[in-house]
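Text of target.cif (mmCIF, C-alpha atoms and all ligand atoms) as supplied:
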```
data_structure
loop_
_atom_site.label_atom_id
_atom_site.label_comp_id
_atom_site.auth_asym_id
_atom_site.auth_seq_id
_atom_site.Cartn_x
_atom_site.Cartn_y
_atom_site.Cartn_z
CA MET A 1107 0.00 0.00 0.00
CA GLY A 1108 1.45 3.29 -1.08
CA ILE A 1109 0.77 6.79 0.15
CA SER A 1110 -1.68 7.35 -2.75
CA ASP A 1111 -3.74 4.34 -1.61
CA LEU A 1112 -3.79 5.74 1.92
CA MET A 1113 -4.89 9.14 0.60
CA SER A 1114 -7.74 7.66 -1.46
CA ALA A 1115 -8.85 5.42 1.45
CA ALA A 1116 -8.98 8.50 3.68
CA GLU A 1117 -10.97 10.33 1.00
CA LYS A 1118 -13.49 7.48 0.78
CA ALA A 1119 -13.80 7.36 4.58
CA TYR A 1120 -14.38 11.11 4.52
CA GLN A 1121 -17.19 10.75 1.95
CA VAL A 1122 -18.85 7.98 3.98
CA ALA A 1123 -18.57 10.04 7.17
CA GLN A 1124 -20.19 12.99 5.36
CA LYS A 1125 -23.20 10.81 4.53
CA LEU A 1126 -23.46 9.57 8.12
CA ARG A 1127 -23.46 13.15 9.42
CA ASP A 1128 -21.52 12.11 12.52
CA ALA A 1129 -19.58 15.18 13.69
CA GLU A 1130 -17.05 13.26 15.77
CA LEU A 1131 -16.35 10.77 12.97
CA ASN A 1132 -16.02 13.64 10.49
CA GLU A 1133 -13.47 15.30 12.74
CA VAL A 1134 -11.45 12.10 13.17
CA ILE A 1135 -11.42 11.49 9.42
CA ALA A 1136 -10.53 15.10 8.64
CA ASP A 1137 -7.59 14.70 10.99
CA LEU A 1138 -6.67 11.42 9.27
CA ARG A 1139 -6.70 13.14 5.87
CA LEU A 1140 -4.48 15.91 7.20
CA LYS A 1141 -2.01 13.42 8.65
CA ALA A 1142 -1.97 11.48 5.36
CA ALA A 1143 -1.20 14.71 3.49
CA GLU A 1144 1.62 15.48 5.94
CA LEU A 1145 2.95 11.97 5.48
CA LYS A 1146 2.91 12.44 1.72
CA ALA A 1147 4.91 15.67 2.07
CA ASP A 1148 7.39 13.96 4.42
CA MET A 1149 7.83 11.15 1.95
CA ALA A 1150 8.55 13.59 -0.88
CA GLU A 1151 11.20 15.20 1.33
CA LEU A 1152 12.73 11.81 2.15
CA ARG A 1153 12.75 10.84 -1.52
CA ALA A 1154 14.63 14.03 -2.39
CA GLU A 1155 17.06 13.49 0.48
CA ASN A 1156 17.55 9.87 -0.60
CA ALA A 1157 18.33 10.96 -4.15
CA GLU A 1158 20.90 13.45 -2.84
CA LEU A 1159 22.52 10.80 -0.66
CA ARG A 1160 22.65 8.35 -3.55
CA GLU A 1161 24.34 11.03 -5.63
CA SER A 1162 26.86 11.65 -2.85
CA ILE A 1163 27.61 7.95 -2.57
CA GLU A 1164 28.08 7.73 -6.33
CA GLU A 1165 30.47 10.70 -6.24
CA MET A 1166 32.42 9.15 -3.34
CA ARG A 1167 32.65 5.85 -5.22
CA ARG A 1168 33.87 7.68 -8.31
CA GLN A 1169 36.52 9.47 -6.22
CA ALA A 1170 37.57 6.26 -4.47
CA ASP A 1171 37.81 4.62 -7.88
CA ILE A 1172 40.10 7.38 -9.14
CA ARG A 1173 42.17 7.26 -5.92
CA ALA A 1174 42.68 3.54 -6.41
CA LYS A 1175 44.07 4.16 -9.89
CA VAL A 1176 46.66 6.82 -9.08
CA ALA A 1177 49.82 7.00 -6.97
CA PHE A 1178 51.63 10.02 -5.57
CA ASP A 1179 55.35 10.18 -6.40
CA GLY A 1180 56.10 12.92 -3.89
CA HIS A 1181 55.35 15.66 -6.41
CA VAL A 1182 52.36 14.74 -8.59
CA TYR A 1183 49.99 11.84 -9.17
CA TRP A 1184 50.44 9.25 -11.91
CA ALA A 1185 48.21 6.43 -13.11
CA GLU A 1186 49.77 3.04 -13.70
CA ASP A 1187 47.14 2.31 -16.36
CA ALA A 1188 45.62 5.07 -18.44
CA ILE A 1189 42.36 6.47 -17.05
CA GLU A 1190 39.74 6.93 -19.75
CA GLY A 1191 39.67 10.56 -20.81
CA TYR A 1192 42.75 11.45 -18.75
CA GLY A 1193 45.63 9.24 -19.76
CA LYS A 1194 48.40 8.37 -17.30
CA GLY A 1195 49.11 11.82 -15.94
CA PRO A 1196 50.72 13.60 -14.35
CA PHE A 1197 47.77 14.88 -12.35
CA CYS A 1198 47.53 17.90 -10.09
CA PRO A 1199 47.93 16.94 -6.40
CA THR A 1200 46.29 20.16 -5.22
CA CYS A 1201 43.12 19.51 -7.22
CA LEU A 1202 42.96 15.82 -6.33
CA ASP A 1203 43.73 16.21 -2.62
CA GLY A 1204 41.77 19.41 -2.14
CA ASP A 1205 38.70 19.05 -4.34
CA ALA A 1206 38.88 15.37 -5.32
CA ARG A 1207 39.17 16.39 -8.98
CA LEU A 1208 41.40 14.67 -11.44
CA VAL A 1209 43.12 17.38 -13.49
CA ASN A 1210 45.82 16.75 -16.07
CA LEU A 1211 48.92 18.88 -15.73
CA VAL A 1212 50.18 20.62 -18.86
CA GLY A 1213 53.80 20.16 -19.83
CA PRO A 1214 56.56 19.31 -19.71
CA GLY A 1215 58.25 22.64 -20.08
CA LYS A 1216 61.42 24.36 -18.97
CA SER A 1217 59.59 27.57 -18.20
CA VAL A 1218 55.96 28.41 -17.57
CA PRO A 1219 54.03 31.69 -17.78
CA VAL A 1220 53.13 31.60 -14.09
CA SER A 1221 54.88 30.59 -10.88
CA GLY A 1222 53.76 29.49 -7.45
CA SER A 1223 50.68 27.36 -6.93
CA GLY A 1224 49.60 25.38 -9.94
CA VAL A 1225 53.21 24.81 -11.06
CA PHE A 1226 55.02 21.60 -10.22
CA ARG A 1227 58.75 20.94 -10.74
CA LEU A 1228 59.53 17.27 -11.13
CA PRO A 1229 62.89 15.71 -10.13
CA ASN A 1230 63.96 15.65 -13.80
CA GLY A 1231 63.70 19.46 -13.82
CA THR A 1232 60.62 19.69 -16.01
CA LEU A 1233 57.82 22.02 -15.06
CA TRP A 1234 54.16 21.08 -15.24
CA MET A 1235 51.26 23.43 -14.82
CA CYS A 1236 47.70 22.99 -13.64
CA HIS A 1237 45.41 25.34 -15.54
CA ARG A 1238 42.70 24.95 -12.91
CA CYS A 1239 44.93 25.97 -9.97
CA ALA A 1240 46.56 28.75 -11.96
CA LYS A 1241 43.13 30.08 -12.93
CA SER A 1242 41.65 29.85 -9.45
CA ARG A 1243 44.34 32.16 -8.04
CA GLY A 1244 43.68 34.71 -10.77
CA ALA A 1245 46.81 34.21 -12.89
ZN ZN B 1301 45.26 21.88 -9.82
#
```
Conversion result in structure tokens:
Amino acid sequence: MGISDLMSAAEKAYQVAQKLRDAELNEVIADLRLKAAELKADMAELRAENAELRESIEEMRRQADIRAKVAFDGHVYWAEDAIEGYGKGPFCPTCLDGDARLVNLVGPGKSVPVSGSGVFRLPNGTLWMCHRCAKSRGA
């Protein structure tokens, strides 16, 4: 029995009570209808909350999945096997650790147009830049 069945049963009870012209019964059934309507509203709220939670779980699974595919080398993240749409990296540690976003670094280069956050120097001397980090600090 769903909430719609409960609502229509309450409506039928209300119609019967109207015919009987019993004031007390009418009051009880009016209260029942009100409570059924409140229950319906609560259920809609719970459904929305449930959908949000499912979305959060899906996002966490996606992040855990990405985390399981990359390794930190002390400077940046790399994937042992290419990640669809991203390749093997390197990936920005700031974006992955801070916002759980996988962002490809651009490079390698010997010089970059910006310095500071968003720029990563690897042990081989190459520089890699994260466009997202560089953008977010207004460079
Ligand atoms: Zn970044």
Could you report the residues within 8 Å of ligand ZN 1301 (chain B), using all atoms listed in the file, as a PyMOL selection string? chain A and resi 1197-1202+1209+1211+1224+1235-1240
Between A:Tyr1120, A:Thr1232, A:Ala1147, A:His1181, which residue has the minimum interatomic distance to Ile1135 (chain A), considering only C-alpha atoms?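 So, comparing all the options, the nearest one is A:Tyr1120.
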Residue list as a PDB file with C-alpha atoms, keeping the file's coordinate frame for point (40.7, 5.0, -15.8), cut-off 10 Å, only C-alpha atoms:
```
ATOM      1  CA  ASP A1171      37.810   4.620  -7.880  1.00  0.00           C
ATOM      2  CA  ILE A1172      40.100   7.380  -9.140  1.00  0.00           C
ATOM      3  CA  ALA A1174      42.680   3.540  -6.410  1.00  0.00           C
ATOM      4  CA  LYS A1175      44.070   4.160  -9.890  1.00  0.00           C
ATOM      5  CA  VAL A1176      46.660   6.820  -9.080  1.00  0.00           C
ATOM      6  CA  ALA A1185      48.210   6.430 -13.110  1.00  0.00           C
ATOM      7  CA  GLU A1186      49.770   3.040 -13.700  1.00  0.00           C
ATOM      8  CA  ASP A1187      47.140   2.310 -16.360  1.00  0.00           C
ATOM      9  CA  ALA A1188      45.620   5.070 -18.440  1.00  0.00           C
ATOM     10  CA  ILE A1189      42.360   6.470 -17.050  1.00  0.00           C
ATOM     11  CA  GLU A1190      39.740   6.930 -19.750  1.00  0.00           C
ATOM     12  CA  GLY A1191      39.670  10.560 -20.810  1.00  0.00           C
ATOM     13  CA  TYR A1192      42.750  11.450 -18.750  1.00  0.00           C
ATOM     14  CA  GLY A1193      45.630   9.240 -19.760  1.00  0.00           C
ATOM     15  CA  LYS A1194      48.400   8.370 -17.300  1.00  0.00           C
TER      16      LYS A1194
END
```
Nearest-residue call for Gly1108 (chain A), choices A:Ala1129, A:Met1166, A:Val1182, A:Met1149, using all atoms listed in the file: A:Met1149
May I ask for the distance between CA of Asp1148 (chain A) and CA of Val1122 (chain A), given in Å to one decimal place?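 CA of Val1122 (chain A) lies at a distance of 26.9 Å from CA of Asp1148 (chain A).
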Long-range neighbours of Gln1121 (chain A) as an MDAnalysis selection string, 12 Å cut-off, all atoms listed in the file, 6 positions minimum in chain: chainID A and resid 1114:1115 1127:1128 1131:1132 1135:1136 1139
Around region 1175-1185 of chain A, with edges along x, y and z and 8 Å added on all six sides, what centre and edge lengths do you get, in Å to one decimal, as AutoDock Vina command-line options?
```
--center_x 50.1 --center_y 9.9 --center_z -8.5 --size_x 28.0 --size_y 27.5 --size_z 25.2
```
Tell me which of A:Asp1137, A:Asp1179, A:Glu1130, A:Gln1169 sits closest to Gly1204 (chain A), counting only C-alpha atoms. A:Gln1169
By how many Å are CA of Met1113 (chain A) and CA of Glu1133 (chain A) apart? 16.1 Å
All residues 10 Å or closer to Arg1173 (chain A), all atoms listed in the file, same chain fewer than 4 positions away omitted, as a ChimeraX atom specification: /A:1167-1169,1177-1178,1183,1185,1202-1203,1206,1208
Give me the residues near Leu1112 (chain A) as JSON, numbers by chain, where near means some atom within 10 Å (using only C-alpha atoms) and where sequence neighbours in that chain fewer than 6 positions away do not count. {"A": [1118, 1138, 1139, 1142, 1143, 1145, 1146]}
Quote the spacing between CA of Asn1230 (chain A) and CA of Arg1207 (chain A) in Å to one decimal place. 25.3 Å
Which one of A:Leu1233, A:Pro1196, A:Arg1227, A:Glu1158 sits closest to Pro1214 (chain A) if you count all atoms listed in the file?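 Using all atoms listed in the file, Pro1214 (chain A) sits closest to A:Leu1233.
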